[in-house]
>>> print(open('query_25.txt').read())   # compact mmCIF, C-alpha atoms
# COMPACT_ATOMS: atom_id res chain seq x y z
CA MET A 1 -54.92 -49.01 -23.16
CA SER A 2 -55.13 -46.29 -20.54
CA TYR A 3 -55.01 -42.58 -21.15
CA PRO A 4 -52.40 -40.15 -19.88
CA GLN A 5 -52.57 -39.42 -16.18
CA ARG A 6 -52.01 -36.13 -14.45
CA GLY A 7 -50.28 -34.96 -11.34
CA LYS A 8 -51.97 -33.80 -8.16
CA THR A 9 -52.65 -30.23 -9.28
CA GLY A 10 -52.93 -28.33 -12.52
CA GLU A 11 -54.81 -28.93 -15.70
CA VAL A 12 -54.16 -31.84 -18.00
CA TYR A 13 -53.72 -31.03 -21.66
CA GLY A 14 -52.71 -34.56 -22.50
CA VAL A 15 -54.20 -36.25 -25.48
CA GLN A 16 -53.15 -39.69 -26.51
CA ILE A 17 -52.08 -39.85 -30.11
CA ASP A 18 -52.41 -43.39 -31.46
CA LYS A 19 -49.95 -43.98 -34.25
CA TYR A 20 -48.71 -47.43 -34.97
CA ALA A 21 -45.31 -47.74 -36.58
CA LEU A 22 -44.67 -51.37 -37.35
CA THR A 23 -41.00 -52.17 -36.87
CA GLY A 24 -40.20 -55.87 -36.69
CA ASP A 25 -41.93 -57.47 -33.71
CA VAL A 26 -42.59 -54.21 -31.86
CA LYS A 27 -45.70 -52.05 -31.80
CA ASN A 28 -44.79 -48.42 -31.12
CA THR A 29 -47.53 -46.13 -29.80
CA SER A 30 -46.73 -42.42 -29.88
CA TYR A 31 -47.90 -40.19 -27.03
CA LYS A 32 -47.93 -36.49 -26.34
CA VAL A 33 -49.02 -35.71 -22.81
CA GLY A 34 -49.25 -32.34 -21.18
CA TYR A 35 -49.73 -30.61 -17.89
CA GLY A 36 -50.61 -26.95 -17.56
CA GLY A 37 -50.49 -24.27 -14.92
CA VAL A 38 -47.07 -25.05 -13.45
CA ASP A 39 -46.01 -22.03 -11.39
CA SER A 40 -42.36 -21.43 -12.26
CA THR A 41 -41.97 -18.78 -9.52
CA ALA A 42 -41.81 -21.57 -6.91
CA THR A 43 -39.46 -24.55 -6.71
CA GLN A 44 -41.51 -27.74 -6.93
CA SER A 45 -41.77 -31.24 -8.37
CA THR A 46 -44.83 -32.22 -10.40
CA ILE A 47 -45.81 -35.64 -11.74
CA LEU A 48 -46.08 -35.02 -15.45
CA TYR A 49 -46.98 -38.57 -16.45
CA THR A 50 -47.11 -42.08 -14.99
CA THR A 51 -46.31 -44.83 -17.46
CA GLU A 52 -48.82 -47.60 -18.04
CA ALA A 53 -48.78 -50.79 -15.98
CA GLY A 54 -47.69 -53.95 -17.77
CA THR A 55 -44.71 -54.96 -19.82
CA SER A 56 -44.40 -51.93 -22.10
CA LEU A 57 -41.35 -49.69 -21.97
CA PHE A 58 -41.82 -45.94 -22.50
CA HIS A 59 -39.20 -44.03 -24.51
CA VAL A 60 -38.97 -40.28 -23.83
CA GLN A 61 -38.16 -38.27 -26.95
CA GLU A 62 -38.65 -34.59 -26.15
CA LEU A 63 -39.85 -32.05 -23.61
CA ILE A 64 -41.72 -28.93 -24.71
CA VAL A 65 -42.16 -26.01 -22.30
CA VAL A 66 -44.61 -23.25 -23.25
CA ALA A 67 -44.95 -19.98 -21.34
CA GLN A 68 -48.70 -19.83 -20.65
CA LEU A 69 -48.68 -16.50 -18.83
CA ILE A 70 -45.75 -14.26 -17.95
CA THR A 71 -46.05 -10.78 -16.48
CA THR A 72 -43.32 -8.47 -15.15
CA HIS A 73 -40.56 -10.93 -16.05
CA THR A 74 -37.11 -10.54 -14.44
CA SER A 75 -35.34 -13.92 -14.68
CA VAL A 76 -36.02 -17.41 -16.07
CA ALA A 77 -36.50 -20.66 -14.17
CA SER A 78 -34.24 -23.70 -14.34
CA ILE A 79 -35.96 -27.05 -14.72
CA SER A 80 -35.17 -30.76 -14.86
CA LEU A 81 -37.00 -33.95 -15.83
CA GLY A 82 -36.63 -37.41 -14.39
CA THR A 83 -37.71 -40.48 -12.48
CA ASN A 84 -34.94 -40.49 -9.88
CA SER A 85 -36.22 -39.17 -6.55
CA THR A 86 -35.63 -36.43 -5.40
CA ALA A 87 -33.26 -34.93 -7.94
CA PHE A 88 -35.56 -35.77 -10.90
CA ASP A 89 -32.78 -35.09 -13.41
CA ASN A 90 -31.91 -38.42 -15.05
CA LEU A 91 -33.83 -37.59 -18.26
CA LEU A 92 -32.93 -33.90 -18.52
CA ALA A 93 -30.28 -32.29 -16.34
CA ILE A 94 -30.98 -28.90 -14.76
CA THR A 95 -31.49 -26.49 -17.65
CA ALA A 96 -32.16 -22.73 -17.62
CA GLN A 97 -35.25 -21.85 -19.64
CA THR A 98 -33.50 -19.08 -21.53
CA GLY A 99 -35.94 -17.55 -23.97
CA LEU A 100 -39.13 -18.08 -21.95
CA THR A 101 -39.52 -14.38 -21.27
CA ALA A 102 -43.02 -13.67 -22.59
CA THR A 103 -46.40 -15.36 -22.90
CA GLY A 104 -46.46 -17.79 -25.82
CA HIS A 105 -42.72 -18.40 -26.01
CA LYS A 106 -41.82 -22.10 -26.40
CA LEU A 107 -38.71 -24.22 -25.89
CA THR A 108 -38.36 -27.75 -27.25
CA THR A 109 -35.65 -29.98 -25.82
CA VAL A 110 -34.80 -33.28 -27.45
CA ILE A 111 -33.85 -35.82 -24.78
CA PRO A 112 -30.27 -36.88 -25.62
CA ALA A 113 -29.69 -40.45 -26.80
CA THR A 114 -26.98 -40.73 -24.15
CA THR A 115 -29.62 -40.29 -21.44
CA VAL A 116 -31.41 -43.23 -19.86
CA SER A 117 -34.62 -42.48 -21.74
CA VAL A 118 -36.37 -45.86 -21.43
CA ILE A 119 -38.86 -45.86 -18.57
CA ALA A 120 -40.26 -49.02 -16.96
CA ALA A 121 -43.99 -49.65 -16.50
CA SER A 122 -45.83 -47.87 -13.65
CA THR A 123 -43.12 -45.25 -13.20
CA ALA A 124 -43.81 -41.56 -12.49
CA ILE A 125 -41.98 -38.99 -14.62
CA TYR A 126 -41.47 -35.70 -12.77
CA PHE A 127 -41.02 -32.15 -14.03
CA LYS A 128 -39.05 -30.12 -11.47
CA VAL A 129 -38.58 -26.39 -11.12
CA THR A 130 -35.11 -26.35 -9.52
CA THR A 131 -34.55 -22.58 -9.58
CA ALA A 132 -37.61 -20.35 -9.47
CA SER A 133 -38.17 -17.65 -12.07
CA VAL A 134 -38.73 -14.07 -10.99
CA GLY A 135 -41.85 -12.32 -12.18
CA ALA A 136 -45.30 -11.32 -11.00
CA VAL A 137 -46.92 -14.34 -12.67
CA GLU A 138 -45.08 -17.06 -14.59
CA THR A 139 -46.86 -20.29 -15.51
CA TYR A 140 -45.76 -23.02 -17.90
CA ALA A 141 -47.55 -25.70 -19.87
CA ILE A 142 -45.36 -28.80 -20.06
CA TYR A 143 -45.58 -31.39 -22.85
CA LEU A 144 -43.79 -34.71 -23.02
CA ARG A 145 -43.50 -36.69 -26.24
CA GLY A 146 -42.53 -40.33 -26.37
CA TYR A 147 -43.68 -43.79 -27.37
CA TYR A 148 -44.33 -47.22 -25.95
CA GLU A 149 -42.57 -50.37 -27.06
CA ASP A 150 -44.84 -53.30 -26.42
CA TYR A 151 -42.99 -56.60 -26.15
CA GLY A 152 -45.91 -58.28 -24.41
CA THR A 153 -48.97 -59.70 -26.12
CA ASN A 154 -49.13 -57.26 -29.05
CA TYR A 155 -46.61 -58.82 -31.41
CA VAL A 156 -46.68 -57.87 -35.06
CA THR A 157 -45.53 -60.61 -37.40
CA ILE A 158 -43.88 -59.56 -40.62
CA PRO A 159 -44.16 -62.28 -43.30
CA ALA A 160 -40.83 -63.64 -44.56
>>> encode(input="query_25.txt", output="structure tokens")
Amino acid sequence: MSYPQRGKTGEVYGVQIDKYALTGDVKNTSYKVGYGGVDSTATQSTILYTTEAGTSLFHVQELIVVAQLITTHTSVASISLGTNSTAFDNLLAITAQTGLTATGHKLTTVIPATTVSVIAASTAIYFKVTTASVGAVETYAIYLRGYYEDYGTNYVTIPA
């Protein structure tokens, strides 16, 4: 099993959390991956995570955005999350980060069940700043929580 990957810039906070929830013939592995130092004062797209190669499907559950450092704040950024180039909004539509006005503030967004939240193997998941925030310095740490469904060689057999 590989470990979380990072984008081209920034600091990775990602730590794989191995939890195995046995449900029928599926092995679910829970992940929380993170990426720090995203400058929200500039519009940009950042690879937050690339799913593992193979037959596993990755299910996105929630996005957590933490204000790492904010000084002289005037207005919040709007962000999106997705795999669809170049909009990157098929997991989370453009959303204003209302409430991220000071260092340490945190927003947790549960990815709606109505969203296409199942990601194929070897697919990049992007975090996008669609509207820049206004402030002297505004950086975010981004965390993504989800799990893998492994239908490949890791079957779990439940006795009848």
>>> residues_around(input="query_25.txt", residues="His105 of chain A", least_positions_apart="3", cutoff="10 Å", atoms="all atoms listed in the file", output="list in words")
Val65, Val66, Ala67, Gln68, Leu69, Ile70, Gly99, Leu100, Thr101, Ala102 and Tyr140 of chain A
>>> atom_distance(input="query_25.txt", atom1="atom CA of Val134 of chain A", atom2="atom CA of Thr71 of chain A")
9.7 Å
>>> closest_residue(input="query_25.txt", among="A:Ala120, A:Leu144, A:Ala77, A:Ala53", to="Tyr35 of chain A", atoms="all atoms listed in the file")
A:Leu144
>>> residues_around(input="query_25.txt", residues="Leu91 of chain A", least_positions_apart="5", cutoff="10 Å", atoms="all atoms listed in the file", output="PyMOL selection string")
chain A and resi 60-63+80-84+111-119+125-127
>>> closest_residue(input="query_25.txt", among="A:Leu57, A:Ala96, A:Val76, A:Val38", to="Ala141 of chain A", atoms="only C-alpha atoms")
A:Val38
>>> atom_distance(input="query_25.txt", atom1="atom CA of Thr41 of chain A", atom2="atom CA of Ser122 of chain A")
29.6 Å
>>> closest_residue(input="query_25.txt", among="A:Val33, A:Ser56, A:Ile142, A:Thr130", to="Leu107 of chain A", atoms="all atoms listed in the file")
A:Ile142
>>> atom_distance(input="query_25.txt", atom1="atom CA of Tyr148 of chain A", atom2="atom CA of Thr51 of chain A")
9.0 Å
